[in-house]
Amino acid sequence: MSSLRALLIAAAAATSGARTVVPQPAALTRLQRLRGGNVLATPPDGFDGAVAAGSKKAAMPADKVFRLGVFSGVHIGFGALLMLTVGGACPGLAESNPGLHKLVLGAFGLPFGLMMTLLSGAELFTGNTALVTMALIEGKATTAGLVKSWVSSYAGNLAGSLLLAGLVSAAGVLAGGGAAAAKVAVAKTSGAFLPTLLKGVLCNWLVCMAVYLASFAKDAAGKMVIIWFIISSFVAMGLEHSVANMFLIPLGILSGADVSWKAFLLKNLLPVTLGNIVGGAALVAGAYSFAYGKLGKPVPA
């Protein structure tokens, strides 16, 4: 019967002049994905993928991590610059509707900076505090590899941020001589040590969730949606990100803010960096290793 059916179909196709198209496996897989199938890894598989990514980062040579860190510092700096360009040009909105102004600050800027970093393969210190730590906990990276990744990416991020801040200041990109940047620099160096540190914890908890969950997505659109919602949220909440501040505060200083480089380092960058490490390493890497990895497994008797 099957042979007869095949002959009838071929005859009908020949009579009508049409061609018989046989679906290919790859086409079927793509169709399944478009219908909402395998576009996002499951939480356990996503955790394994994040651990594998962290292992690769830990094994990368220090000079390459540094170079890719420079790129990421520039990317995040461009995001912060867009935030200042748009949000800093809405003083009336800040006064009349501060909630909406915070939403504007969050929506336009840092999400696109993180998108550039993740899609280009650049190295972001704050994300590495989670991914490389996951690999270390799961036995896929060494302590030396973690230290190399953290130090090299942090140094690269700082170099890229300072480079962009200098270029933006020299180019006179911001309206009003950079008054918005100067205002931000003063505000970010006026807080006490502990609250600033805790804002860093909360911030990188969200940033690392964005990096972690974006690694689950199988396409660029999925990654972008995840990044936009989470990153715009932390900006609107007024939390503290060390790499963004590496650009924002130096740009404010170069724009005439009454802030010293010592104040930048001790009153903001130090507490924020420490807080970012806790947020990424403990609240994301440690938490999800407990949920899906070694930390949650019973210790053999």
# chains A, B, ... in the order shown; residues from 1 in each chain; ligands from 1
call {"tool": "residues_around", "arguments": {"residues": "region 157-171 of chain A", "least_positions_apart": "5", "cutoff": "8 Å", "atoms": "only C-alpha atoms", "output": "list in words"}}
result
Phe66, Gly69, Val70, Phe71, Ser72, Gly73, Val74, Ile76, Gly77, Phe78, Leu124, Phe125, Gly178, Val243, Ala244, Met246, Phe247, Leu248, Pro250, Leu251, Leu254 and Ser255 of chain A
call {"tool": "residues_around", "arguments": {"residues": "region 263-273 of chain A", "least_positions_apart": "6", "cutoff": "12 Å", "atoms": "only C-alpha atoms", "output": "PyMOL selection string"}}
result
chain A and resi 125-126+129+150-151+154+158+184-204+239-253+257+279-281
call {"tool": "closest_residue", "arguments": {"among": "A:Gly145, A:Gly238, A:Pro43, A:Pro111", "to": "Ile226 (chain A)", "atoms": "only C-alpha atoms"}}
result
A:Pro111
call {"tool": "residues_around", "arguments": {"residues": "Leu119 (chain A)", "least_positions_apart": "2", "cutoff": "10 Å", "atoms": "only C-alpha atoms", "output": "tab-separated table (two decimals) with N, CA and C atoms, in the first residue's frame"}}
result
chain	number	residue	atom	x	y	z
A	114	LEU	N	25.71	46.04	28.01
A	114	LEU	CA	25.89	44.63	28.34
A	114	LEU	C	25.61	43.74	27.13
A	115	MET	N	24.66	44.15	26.28
A	115	MET	CA	24.41	43.39	25.04
A	115	MET	C	25.68	43.31	24.20
A	116	MET	N	26.37	44.44	24.03
A	116	MET	CA	27.60	44.44	23.23
A	116	MET	C	28.64	43.52	23.84
A	117	THR	N	28.75	43.55	25.16
A	117	THR	CA	29.74	42.71	25.83
A	117	THR	C	29.44	41.23	25.64
A	121	GLY	N	31.62	38.61	23.11
A	121	GLY	CA	32.57	37.76	23.82
A	121	GLY	C	33.57	38.53	24.66
A	122	ALA	N	33.27	39.78	24.98
A	122	ALA	CA	34.18	40.57	25.82
A	122	ALA	C	34.11	40.09	27.27
A	220	ALA	N	19.99	35.58	19.73
A	220	ALA	CA	20.30	36.94	20.17
A	220	ALA	C	19.08	37.65	20.73
A	223	LYS	N	18.46	36.66	24.33
A	223	LYS	CA	19.46	37.25	25.22
A	223	LYS	C	19.14	38.73	25.47
A	224	MET	N	18.75	39.43	24.41
A	224	MET	CA	18.49	40.87	24.53
A	224	MET	C	17.31	41.16	25.44
call {"tool": "atom_distance", "arguments": {"atom1": "CA of Met237 (chain A)", "atom2": "CA of Ala107 (chain A)"}}
result
11.8 Å
call {"tool": "atom_distance", "arguments": {"atom1": "CA of Tyr292 (chain A)", "atom2": "CA of Ser233 (chain A)"}}
result
26.2 Å
call {"tool": "select_by_dssp", "arguments": {"residues": "region 194-272 of chain A", "states": "alpha helix (DSSP H)", "output": "count of residues only"}}
result
58
call {"tool": "atom_distance", "arguments": {"atom1": "CA of Pro298 (chain A)", "atom2": "CA of Gly49 (chain A)"}}
result
22.5 Å
call {"tool": "closest_residue", "arguments": {"among": "A:Leu206, A:Leu118, A:Met134, A:Ala180", "to": "Leu68 (chain A)", "atoms": "only C-alpha atoms"}}
result
A:Leu118
call {"tool": "closest_residue", "arguments": {"among": "A:Gly99, A:Gly256, A:Gly139, A:Gly113", "to": "Gly177 (chain A)", "atoms": "only C-alpha atoms"}}
result
A:Gly256
